[in-house]
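Source file: run.cif. Holds: mmCIF, C-alpha atoms.
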```
data_final
loop_
_atom_site.label_atom_id
_atom_site.label_comp_id
_atom_site.auth_asym_id
_atom_site.auth_seq_id
_atom_site.Cartn_x
_atom_site.Cartn_y
_atom_site.Cartn_z
CA MET A 21 -89.97 64.01 -60.89
CA PHE A 22 -92.76 61.53 -60.38
CA GLY A 23 -91.72 59.48 -63.36
CA PHE A 24 -91.02 56.48 -61.17
CA LEU A 25 -94.67 56.36 -60.17
CA LYS A 26 -95.89 55.98 -63.71
CA LYS A 27 -93.23 53.58 -64.91
CA LYS A 28 -94.22 49.93 -64.91
CA LYS A 29 -91.58 47.80 -63.25
CA SER A 30 -89.58 45.90 -65.84
CA ALA A 31 -89.90 42.57 -64.00
CA LYS A 32 -93.68 42.83 -64.41
CA ILE A 33 -93.27 43.58 -68.11
CA ALA A 34 -90.98 40.53 -68.41
CA LYS A 35 -93.55 38.32 -66.73
CA ASP A 36 -96.39 39.47 -68.97
CA ARG A 37 -94.34 39.09 -72.14
CA LEU A 38 -93.02 35.68 -71.12
CA THR A 39 -96.47 34.41 -70.24
CA ILE A 40 -97.76 35.26 -73.70
CA ALA A 41 -94.67 33.98 -75.53
CA ILE A 42 -94.60 30.67 -73.69
CA MET A 43 -98.32 30.12 -74.10
CA SER A 44 -97.96 30.56 -77.83
CA ASP A 45 -94.80 28.36 -77.95
CA ARG A 46 -96.68 25.59 -76.19
CA GLY A 47 -99.80 26.19 -78.27
CA GLN A 48 -97.99 25.52 -81.50
CA ASN A 49 -97.74 21.86 -80.64
CA VAL A 50 -100.84 21.29 -78.60
CA ASP A 51 -104.40 21.77 -79.72
CA TYR A 52 -107.16 22.94 -77.45
CA PRO A 53 -108.62 20.01 -75.56
CA PHE A 54 -112.17 20.98 -76.55
CA LEU A 55 -111.63 20.93 -80.32
CA GLU A 56 -113.21 17.52 -80.89
CA ASP A 57 -116.33 18.40 -78.90
CA LEU A 58 -116.63 21.72 -80.68
CA LYS A 59 -116.46 19.89 -83.99
CA LYS A 60 -119.28 17.55 -82.97
CA ASP A 61 -121.50 20.44 -81.84
CA ILE A 62 -120.97 22.44 -85.02
CA LEU A 63 -121.67 19.35 -87.07
CA ALA A 64 -124.96 18.85 -85.23
CA VAL A 65 -126.07 22.47 -85.78
CA VAL A 66 -125.17 22.64 -89.46
CA LYS A 67 -126.74 19.25 -90.11
CA LYS A 68 -130.07 20.70 -89.04
CA TYR A 69 -130.05 22.85 -92.19
CA THR A 70 -127.93 21.12 -94.76
CA GLU A 71 -125.68 18.11 -95.41
CA VAL A 72 -122.09 18.40 -94.25
CA LYS A 73 -119.24 16.67 -95.95
CA ASN A 74 -116.39 17.62 -93.66
CA ILE A 75 -115.40 20.05 -90.95
CA THR A 76 -111.87 21.21 -90.33
CA ILE A 77 -110.87 23.43 -87.44
CA ARG A 78 -107.46 24.96 -87.53
CA LYS A 79 -105.70 26.98 -84.89
CA GLU A 80 -103.80 29.94 -86.22
CA VAL A 81 -101.31 31.90 -84.19
CA GLU A 82 -99.89 35.16 -85.38
CA LEU A 83 -98.09 37.49 -83.00
CA GLU A 84 -100.53 38.15 -80.17
CA LEU A 85 -103.53 37.06 -82.16
CA GLU A 86 -104.83 33.56 -81.84
CA ALA A 87 -107.74 32.41 -84.01
CA LEU A 88 -109.69 29.33 -84.91
CA SER A 89 -110.57 28.98 -88.53
CA ILE A 90 -113.50 26.69 -89.19
CA GLU A 91 -114.03 25.24 -92.62
CA ILE A 92 -117.33 23.54 -93.35
CA GLU A 93 -117.46 21.57 -96.54
CA LEU A 94 -121.01 21.00 -97.77
CA GLU A 95 -122.45 18.12 -99.78
CA LYS A 96 -123.53 19.24 -103.25
CA MET P 28 -79.67 1.04 -58.33
CA GLY P 29 -78.69 4.69 -58.68
CA ILE P 30 -80.77 7.68 -59.69
CA VAL P 31 -80.04 9.36 -63.00
CA ILE P 32 -80.43 13.15 -63.08
CA ALA P 33 -80.01 15.24 -66.23
CA VAL P 34 -78.95 18.86 -65.74
CA ILE P 35 -80.59 20.88 -68.51
CA SER P 36 -81.29 24.51 -69.43
CA GLY P 37 -82.18 25.02 -73.07
CA LYS P 38 -80.12 28.21 -73.30
CA GLY P 39 -76.36 28.09 -72.95
CA GLY P 40 -74.31 30.11 -70.52
CA VAL P 41 -76.74 30.06 -67.62
CA GLY P 42 -74.47 28.02 -65.33
CA LYS P 43 -75.49 24.49 -66.24
CA THR P 44 -72.01 22.98 -66.08
CA THR P 45 -71.21 24.85 -62.87
CA ALA P 46 -74.44 23.49 -61.41
CA ALA P 47 -73.66 19.91 -62.50
CA ALA P 48 -70.14 20.07 -61.03
CA ASN P 49 -71.26 21.49 -57.70
CA ILE P 50 -74.32 19.28 -57.35
CA GLY P 51 -72.17 16.22 -58.04
CA LEU P 52 -69.49 17.14 -55.54
CA GLY P 53 -72.14 18.24 -53.01
CA ILE P 54 -73.90 14.88 -53.23
CA ALA P 55 -70.59 13.14 -52.50
CA MET P 56 -70.06 15.52 -49.55
CA ASN P 57 -73.42 14.25 -48.32
CA GLY P 58 -72.00 10.74 -48.24
CA LYS P 59 -73.41 9.31 -51.49
CA LYS P 60 -71.32 7.87 -54.28
CA CYS P 61 -71.75 10.12 -57.27
CA VAL P 62 -70.51 10.48 -60.84
CA VAL P 63 -70.91 13.45 -63.18
CA VAL P 64 -70.84 12.74 -66.89
CA ASP P 65 -70.15 15.42 -69.50
CA PHE P 66 -72.59 14.87 -72.37
CA ASP P 67 -71.49 17.98 -74.21
CA ILE P 68 -69.60 16.10 -76.90
CA GLY P 69 -67.18 18.35 -78.78
CA GLN P 70 -67.40 21.17 -76.25
CA ARG P 71 -66.32 19.69 -72.99
CA ASN P 72 -65.91 22.00 -70.04
CA LEU P 73 -66.86 20.06 -66.97
CA ASP P 74 -63.24 18.87 -66.71
CA MET P 75 -62.09 22.50 -66.45
CA ILE P 76 -64.67 23.45 -63.82
CA LEU P 77 -63.62 20.41 -61.77
CA GLY P 78 -59.92 21.06 -62.29
CA LEU P 79 -59.47 17.59 -63.78
CA GLU P 80 -58.56 18.49 -67.36
CA ASN P 81 -55.06 17.10 -67.04
CA ARG P 82 -56.27 13.76 -65.78
CA VAL P 83 -58.51 12.95 -68.75
CA VAL P 84 -57.17 9.97 -70.67
CA TYR P 85 -60.28 8.26 -72.03
CA ASP P 86 -63.68 9.71 -72.77
CA ILE P 87 -67.34 8.75 -72.85
CA VAL P 88 -67.34 7.97 -76.58
CA GLN P 89 -64.48 5.50 -76.21
CA VAL P 90 -66.40 3.81 -73.40
CA MET P 91 -69.58 3.63 -75.48
CA ASP P 92 -67.65 2.22 -78.43
CA LYS P 93 -66.10 -0.35 -76.06
CA GLU P 94 -62.56 0.75 -76.88
CA VAL P 95 -61.92 0.98 -73.13
CA ASN P 96 -63.89 -0.18 -70.13
CA ILE P 97 -65.67 2.21 -67.84
CA LYS P 98 -63.26 1.76 -64.92
CA GLN P 99 -60.40 3.00 -67.09
CA ALA P 100 -62.29 6.15 -68.09
CA LEU P 101 -63.66 7.16 -64.67
CA ILE P 102 -61.61 9.85 -62.98
CA LYS P 103 -61.64 10.09 -59.21
CA SER P 104 -61.90 13.62 -57.84
CA LYS P 105 -59.09 15.19 -55.85
CA SER P 106 -61.54 16.80 -53.47
CA HIS P 107 -63.68 13.81 -52.49
CA ASP P 108 -63.22 10.04 -52.64
CA LYS P 109 -66.90 9.37 -53.40
CA PHE P 110 -66.91 11.72 -56.37
CA TYR P 111 -66.08 10.63 -59.92
CA PHE P 112 -66.08 12.20 -63.35
CA LEU P 113 -66.44 10.93 -66.91
CA ALA P 114 -65.25 13.27 -69.66
CA ALA P 115 -66.89 14.09 -72.96
CA SER P 116 -65.03 13.54 -76.18
CA GLN P 117 -63.49 16.74 -77.48
CA THR P 118 -62.64 15.59 -81.00
CA LYS P 119 -65.92 14.04 -82.12
CA ASP P 120 -69.34 15.65 -82.41
CA LYS P 121 -72.68 14.80 -80.87
CA THR P 122 -73.86 12.76 -83.84
CA VAL P 123 -71.78 9.84 -82.50
CA LEU P 124 -74.38 9.27 -79.78
CA ASN P 125 -77.21 6.80 -80.23
CA SER P 126 -79.89 5.53 -77.87
CA LYS P 127 -78.54 2.00 -77.49
CA LYS P 128 -75.03 3.14 -76.58
CA VAL P 129 -76.32 5.79 -74.18
CA LYS P 130 -78.60 3.30 -72.43
CA GLU P 131 -75.76 0.82 -71.95
CA LEU P 132 -73.54 3.49 -70.47
CA VAL P 133 -76.22 4.89 -68.15
CA ASP P 134 -77.23 1.40 -67.00
CA SER P 135 -73.71 0.42 -66.07
CA LEU P 136 -73.16 3.69 -64.17
CA LYS P 137 -76.42 3.16 -62.26
CA GLU P 138 -75.09 -0.12 -60.91
CA GLU P 139 -71.95 1.50 -59.60
CA PHE P 140 -73.19 4.84 -58.21
CA ASP P 141 -75.97 6.22 -55.98
CA PHE P 142 -76.34 9.24 -58.23
CA VAL P 143 -75.48 9.68 -61.91
CA ILE P 144 -75.49 13.34 -62.97
CA LEU P 145 -75.56 14.02 -66.71
CA ASP P 146 -74.45 17.47 -67.85
CA SER P 147 -76.47 18.19 -70.98
CA PRO P 148 -75.30 20.28 -73.93
CA ALA P 149 -77.14 23.56 -74.50
CA GLY P 150 -79.87 23.62 -77.13
CA ILE P 151 -82.60 21.11 -77.82
CA GLU P 152 -81.00 18.99 -80.52
CA SER P 153 -79.97 15.33 -80.56
CA GLY P 154 -77.23 15.69 -77.93
CA TYR P 155 -79.79 17.09 -75.53
CA GLU P 156 -82.36 14.41 -76.37
CA HIS P 157 -79.84 11.66 -75.65
CA THR P 158 -78.99 13.23 -72.29
CA ILE P 159 -82.60 13.24 -71.11
CA GLU P 160 -83.61 9.96 -72.73
CA PHE P 161 -82.84 7.67 -69.80
CA ALA P 162 -82.98 10.16 -66.94
CA ASP P 163 -85.18 9.58 -63.88
CA ALA P 164 -85.28 13.27 -63.07
CA ALA P 165 -84.13 16.58 -64.46
CA VAL P 166 -82.68 19.65 -62.83
CA VAL P 167 -83.51 22.71 -64.91
CA VAL P 168 -81.15 25.69 -64.54
CA VAL P 169 -82.40 29.18 -65.44
CA ASN P 170 -81.32 32.77 -64.98
CA PRO P 171 -84.03 35.29 -64.03
CA GLU P 172 -84.13 36.61 -67.54
CA VAL P 173 -86.60 36.22 -70.43
CA SER P 174 -84.54 34.27 -72.99
CA SER P 175 -83.34 31.74 -70.44
CA ILE P 176 -86.85 31.08 -69.14
CA ARG P 177 -88.40 30.75 -72.57
CA ASP P 178 -85.68 28.33 -73.73
CA ALA P 179 -86.05 26.31 -70.54
CA ASP P 180 -89.75 25.89 -71.23
CA ARG P 181 -88.99 24.45 -74.67
CA ALA P 182 -86.44 22.06 -73.17
CA ILE P 183 -88.99 20.95 -70.55
CA GLY P 184 -91.54 20.36 -73.32
CA ILE P 185 -89.12 18.02 -75.10
CA LEU P 186 -88.29 16.28 -71.83
CA ASP P 187 -92.00 15.64 -71.28
CA SER P 188 -92.43 14.06 -74.69
CA LYS P 189 -89.16 12.30 -75.47
CA SER P 190 -87.87 10.74 -72.30
CA GLN P 191 -88.10 6.96 -72.02
CA LYS P 192 -89.83 7.23 -68.65
CA VAL P 193 -92.65 9.27 -70.20
CA LYS P 194 -92.90 6.90 -73.17
CA ASP P 195 -93.34 4.08 -70.66
CA GLY P 196 -96.28 5.93 -69.14
CA GLY P 197 -94.38 7.44 -66.23
CA GLU P 198 -93.29 10.94 -65.39
CA VAL P 199 -89.89 12.58 -65.20
CA GLU P 200 -89.51 14.63 -62.04
CA LYS P 201 -88.38 18.18 -62.73
CA TYR P 202 -86.81 20.66 -60.37
CA LEU P 203 -85.74 24.22 -60.93
CA ILE P 204 -82.58 26.04 -59.93
CA ILE P 205 -82.73 29.80 -60.34
CA ASN P 206 -79.15 30.90 -60.79
CA ARG P 207 -77.50 34.32 -60.70
CA ILE P 208 -80.19 36.11 -58.72
CA GLU P 209 -79.44 39.77 -57.99
CA PRO P 210 -81.38 40.39 -54.75
CA ASN P 211 -81.20 44.16 -55.04
CA MET P 212 -82.67 44.12 -58.53
CA VAL P 213 -85.46 41.75 -57.50
CA LYS P 214 -86.26 44.11 -54.63
CA ARG P 215 -86.55 47.05 -56.99
CA GLY P 216 -88.78 45.09 -59.36
CA GLU P 217 -86.13 45.08 -62.06
CA MET P 218 -85.63 41.31 -62.07
CA LEU P 219 -88.17 38.48 -62.15
CA ASN P 220 -88.69 36.98 -58.71
CA SER P 221 -88.74 33.25 -58.09
CA LYS P 222 -92.50 33.06 -57.61
CA ASP P 223 -93.11 34.55 -61.06
CA ILE P 224 -90.63 32.16 -62.66
CA LEU P 225 -92.18 29.13 -60.96
CA ASP P 226 -95.66 30.28 -62.06
CA ILE P 227 -94.59 30.67 -65.65
CA LEU P 228 -92.72 27.34 -65.87
CA ASN P 229 -95.07 25.42 -63.57
CA ILE P 230 -92.30 23.46 -61.89
CA ASN P 231 -91.00 22.77 -58.36
CA LEU P 232 -88.19 24.80 -56.85
CA LEU P 233 -84.96 23.04 -55.92
CA GLY P 234 -82.97 26.09 -54.93
CA LYS P 235 -81.94 29.67 -55.55
CA VAL P 236 -78.37 30.72 -56.19
CA PRO P 237 -77.38 34.38 -55.88
CA GLU P 238 -75.06 36.12 -58.32
CA ASP P 239 -71.61 35.66 -56.84
CA LYS P 240 -68.33 36.87 -58.31
CA ALA P 241 -66.53 34.10 -56.44
CA VAL P 242 -67.89 31.62 -59.03
CA ILE P 243 -65.54 32.97 -61.72
CA ASP P 244 -62.66 32.92 -59.28
CA ALA P 245 -63.48 29.30 -58.48
CA SER P 246 -63.69 28.23 -62.11
CA ASN P 247 -60.40 30.02 -62.87
CA GLN P 248 -58.76 27.67 -60.40
CA GLY P 249 -60.75 24.56 -61.19
CA LYS P 250 -62.11 24.36 -57.65
CA PRO P 251 -65.90 24.07 -57.55
CA ILE P 252 -67.48 26.94 -55.60
CA ILE P 253 -69.09 24.52 -53.15
CA LEU P 254 -65.63 24.05 -51.59
CA ASP P 255 -65.61 27.76 -50.70
CA LYS P 256 -67.84 27.52 -47.67
CA SER P 257 -67.87 31.27 -47.10
CA SER P 258 -69.27 32.05 -50.57
CA LYS P 259 -72.99 32.59 -50.98
CA ALA P 260 -73.19 30.55 -54.19
CA GLY P 261 -71.20 27.74 -52.57
CA GLN P 262 -73.59 27.66 -49.63
CA ALA P 263 -76.57 27.66 -51.99
CA TYR P 264 -75.16 24.71 -53.94
CA PHE P 265 -74.50 22.80 -50.75
CA ARG P 266 -78.14 23.23 -49.73
CA ILE P 267 -79.26 22.11 -53.21
CA ALA P 268 -77.03 19.02 -53.17
CA SER P 269 -78.21 18.13 -49.68
CA ARG P 270 -81.85 18.32 -50.82
CA ILE P 271 -81.09 15.99 -53.74
CA SER P 272 -79.35 13.61 -51.34
CA GLY P 273 -82.61 13.32 -49.43
CA ASN P 274 -82.13 15.79 -46.58
CA SER P 275 -84.81 18.29 -45.79
CA ILE P 276 -83.13 21.70 -45.91
CA GLU P 277 -85.15 24.84 -45.50
CA MET P 278 -85.37 27.18 -48.47
CA VAL P 279 -83.29 30.32 -47.89
CA ASP P 280 -84.84 33.45 -49.29
CA VAL P 281 -81.84 34.51 -51.32
CA GLU P 282 -83.82 37.31 -52.92
CA SER P 283 -84.41 39.34 -49.81
CA GLU P 284 -80.82 38.97 -48.65
CA THR P 285 -79.35 42.33 -49.50
CA ASP P 286 -76.17 43.83 -48.25
CA GLY P 287 -77.16 45.72 -45.14
CA ILE P 288 -76.17 49.33 -44.63
CA PHE P 289 -73.50 48.17 -42.24
CA LYS P 290 -71.80 46.07 -44.86
CA LYS P 291 -72.10 48.87 -47.38
CA LEU P 292 -70.43 51.27 -44.97
CA THR P 293 -67.55 48.94 -44.25
CA GLY P 294 -67.25 48.48 -48.00
CA ILE P 295 -66.44 52.18 -48.38
CA PHE P 296 -63.48 51.90 -46.06
CA LYS P 297 -62.02 48.83 -47.68
#
```
Step by step, read the file and then write its structure as structure tokens.
Amino acid sequence: MFGFLKKKKSAKIAKDRLTIAIMSDRGQNVDYPFLEDLKKDILAVVKKYTEVKNITIRKEVELELEALSIEIELEK
Amino acid sequence: MGIVIAVISGKGGVGKTTAAANIGLGIAMNGKKCVVVDFDIGQRNLDMILGLENRVVYDIVQVMDKEVNIKQALIKSKSHDKFYFLAASQTKDKTVLNSKKVKELVDSLKEEFDFVILDSPAGIESGYEHTIEFADAAVVVVNPEVSSIRDADRAIGILDSKSQKVKDGGEVEKYLIINRIEPNMVKRGEMLNSKDILDILNINLLGKVPEDKAVIDASNQGKPIILDKSSKAGQAYFRIASRISGNSIEMVDVESETDGIFKKLTGIFK
């Protein structure tokens, strides 16, 4: 009887789903603006301990999960 | 020098061609000389919506290939003497377009008209890219529905990266038309409202058009709905066209306009 109270309105569901989908659509082409700065900071920290050859940061999007994978190549 | 406006949507079937036809005619009704050009090569429909399909002799591709001059291909509307139409080619496909030809065509139309409205094909392929390439502004048409809004966002993304104006360091103005709004559904929270759509797409509102069965009736007859002054969609398109023509017209809250109980009651006795 009170089912209508519990049910989330479908327009709200549409908005939430669209917001996520569009963010990830846009994200596929655009990197985060802070990536270059992040790279510099990591480089500075790692350099304190060892020599760094290269750092690559990749953005990976899978379904609702978004992750940054950071690869630090060390000098031998 | 006229203003070039591309009518785009991403998804097909949302009312893009209907919007282009009515905006074009509405601009002429506002006293400006206007031409609508069908860029949907191979799938032309603007001629049908305008009721001009029997008057098409030459098309846009023949003009671009200089087989005929533009004056021969322009068709003057029956409903307004400031309103013209240029048909798409029905036999060729969109690969015949190239940037140089499109620019020449758009430039020559700009000299002749106050407003040049380009009706884009659906999708985001080359035909679409050529439509937006030399546009000063874009009118984006969506339905309050997830697939239409998502596709529109992709189309806007391409507009923002591939238009000549953006490449030259400028910005393409973008305006949204929300078409086929069902006020009763919005009220019940079963349809996205305009504020949500504008938030998601991050774009300015040009106008809201309610769902109106009279649109089908109008297209059956080839008489744009804007000529039916008693129809809600026709009134909405007239407001939209007036805004484009530079008049300040207040936004009507189409979404809260529901049929009152009085109207419902009289409906029973019809």
Test item: residues at most 6 Å from Ile252 in chain P, all atoms listed in the file, excluding those fewer than 4 positions along its chain, as a PyMOL selection string: chain P and resi 242+245+261
Produce a file of the selected residues containing C-alpha atoms, as a tab-separated table (two decimals), in the coordinates of the input.
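Listed below is the output, selection.tsv:
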```tsv
chain	number	residue	atom	x	y	z
P	242	VAL	CA	-67.89	31.62	-59.03
P	245	ALA	CA	-63.48	29.30	-58.48
P	261	GLY	CA	-71.20	27.74	-52.57
```
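The closest residue to Lys105 in chain P, picked from P:Ile30, P:Leu77, P:Val133, P:Met56 and counting only C-alpha atoms, is P:Leu77.
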Reference answer for the PyMOL selection byres ((chain A) within 9 of (chain P)), as number ranges by chain: A: 29-32, 34-35, 37-39, 41-42, 45-46
C-alpha atoms of the current selection, written as a PDB file, keeping the file's coordinate frame:
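Resulting contents of out10.pdb:
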```
ATOM      1  CA  LYS A  29     -91.580  47.800 -63.250  1.00  0.00           C
ATOM      2  CA  SER A  30     -89.580  45.900 -65.840  1.00  0.00           C
ATOM      3  CA  ALA A  31     -89.900  42.570 -64.000  1.00  0.00           C
ATOM      4  CA  LYS A  32     -93.680  42.830 -64.410  1.00  0.00           C
ATOM      5  CA  ALA A  34     -90.980  40.530 -68.410  1.00  0.00           C
ATOM      6  CA  LYS A  35     -93.550  38.320 -66.730  1.00  0.00           C
ATOM      7  CA  ARG A  37     -94.340  39.090 -72.140  1.00  0.00           C
ATOM      8  CA  LEU A  38     -93.020  35.680 -71.120  1.00  0.00           C
ATOM      9  CA  THR A  39     -96.470  34.410 -70.240  1.00  0.00           C
ATOM     10  CA  ALA A  41     -94.670  33.980 -75.530  1.00  0.00           C
ATOM     11  CA  ILE A  42     -94.600  30.670 -73.690  1.00  0.00           C
ATOM     12  CA  ASP A  45     -94.800  28.360 -77.950  1.00  0.00           C
ATOM     13  CA  ARG A  46     -96.680  25.590 -76.190  1.00  0.00           C
TER      14      ARG A  46
END
```
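Straight-line separation from CA of Lys73 in chain A to CA of Asp61 in chain A: 14.8 Å.
Omitting Glu93 in chain A and its sequence neighbours fewer than 3 positions away, and counting all atoms listed in the file, the residues within 10 Å are Glu71, Val72, Lys73, Asn74, Ile75, Thr76, Ile90 and Lys96 of chain A.
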Between CA of Lys121 in chain P and CA of Ala162 in chain P, distance in Å (one decimal): 17.9 Å
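When the PyMOL selection byres ((chain P and resi 157) around 8) is run on the displayed coordinates, the residues it returns are Leu124, Asn125, Ser126, Val129, Ser153, Gly154, Tyr155, Glu156, Thr158, Ile159, Glu160 and Phe161 of chain P.
Taking CA of Val166 in chain P as the reference point, CA of Ile35 in chain P is found at 6.2 Å.
With only C-alpha atoms taken into account, the protein and nucleic acid residues at most 10 Å from Met28 in chain P (excluding it and anything under 5 positions from it in its own chain) are Asp134, Ser135, Leu136, Lys137, Glu138, Glu139, Phe140, Asp141 and Phe142 of chain P.
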For the selection just defined, write its residues with C-alpha atoms to a file, as a PDB file, keeping the file's coordinate frame.
```
ATOM      1  CA  ASP P 134     -77.230   1.400 -67.000  1.00  0.00           C
ATOM      2  CA  SER P 135     -73.710   0.420 -66.070  1.00  0.00           C
ATOM      3  CA  LEU P 136     -73.160   3.690 -64.170  1.00  0.00           C
ATOM      4  CA  LYS P 137     -76.420   3.160 -62.260  1.00  0.00           C
ATOM      5  CA  GLU P 138     -75.090  -0.120 -60.910  1.00  0.00           C
ATOM      6  CA  GLU P 139     -71.950   1.500 -59.600  1.00  0.00           C
ATOM      7  CA  PHE P 140     -73.190   4.840 -58.210  1.00  0.00           C
ATOM      8  CA  ASP P 141     -75.970   6.220 -55.980  1.00  0.00           C
ATOM      9  CA  PHE P 142     -76.340   9.240 -58.230  1.00  0.00           C
TER      10      PHE P 142
END
```
Enclose all atoms of range 110-120 of chain P listed in the file in an axis-aligned box, grow every side by 5 Å, and hand back centre and edge lengths in Å to one decimal, as lines of an AutoDock Vina configuration file.
```
center_x = -66.0
center_y = 13.7
center_z = -69.4
size_x = 16.7
size_y = 16.1
size_z = 36.0
```
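Comparing the minimum interatomic distances between Leu55 in chain A and each of A:Leu94, A:Thr70, A:Lys79, A:Ala87, counting all atoms listed in the file, we find that A:Lys79 sits nearest.
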Contacts of range 100-102 of chain P at 10 Å (all atoms listed in the file; same-chain gap of 3+ positions) as a list in words: Val62, Val63, Val64, Asp74, Leu79, Arg82, Val83, Val84, Tyr85, Asp86, Ile87, Gln89, Val90, Val95, Asn96, Ile97, Lys105, Phe110, Tyr111, Phe112, Leu113 and Ala114 of chain P
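If you measure from each of P:Leu52, P:Ala179, P:Val31, P:Cys61 to Phe265 in chain P using all atoms listed in the file, the closest one turns out to be P:Leu52.
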Ground truth for the PyMOL selection byres ((chain P and resi 117) around 9), written as a PyMOL selection string: chain P and resi 67-71+86+114-116+118-120
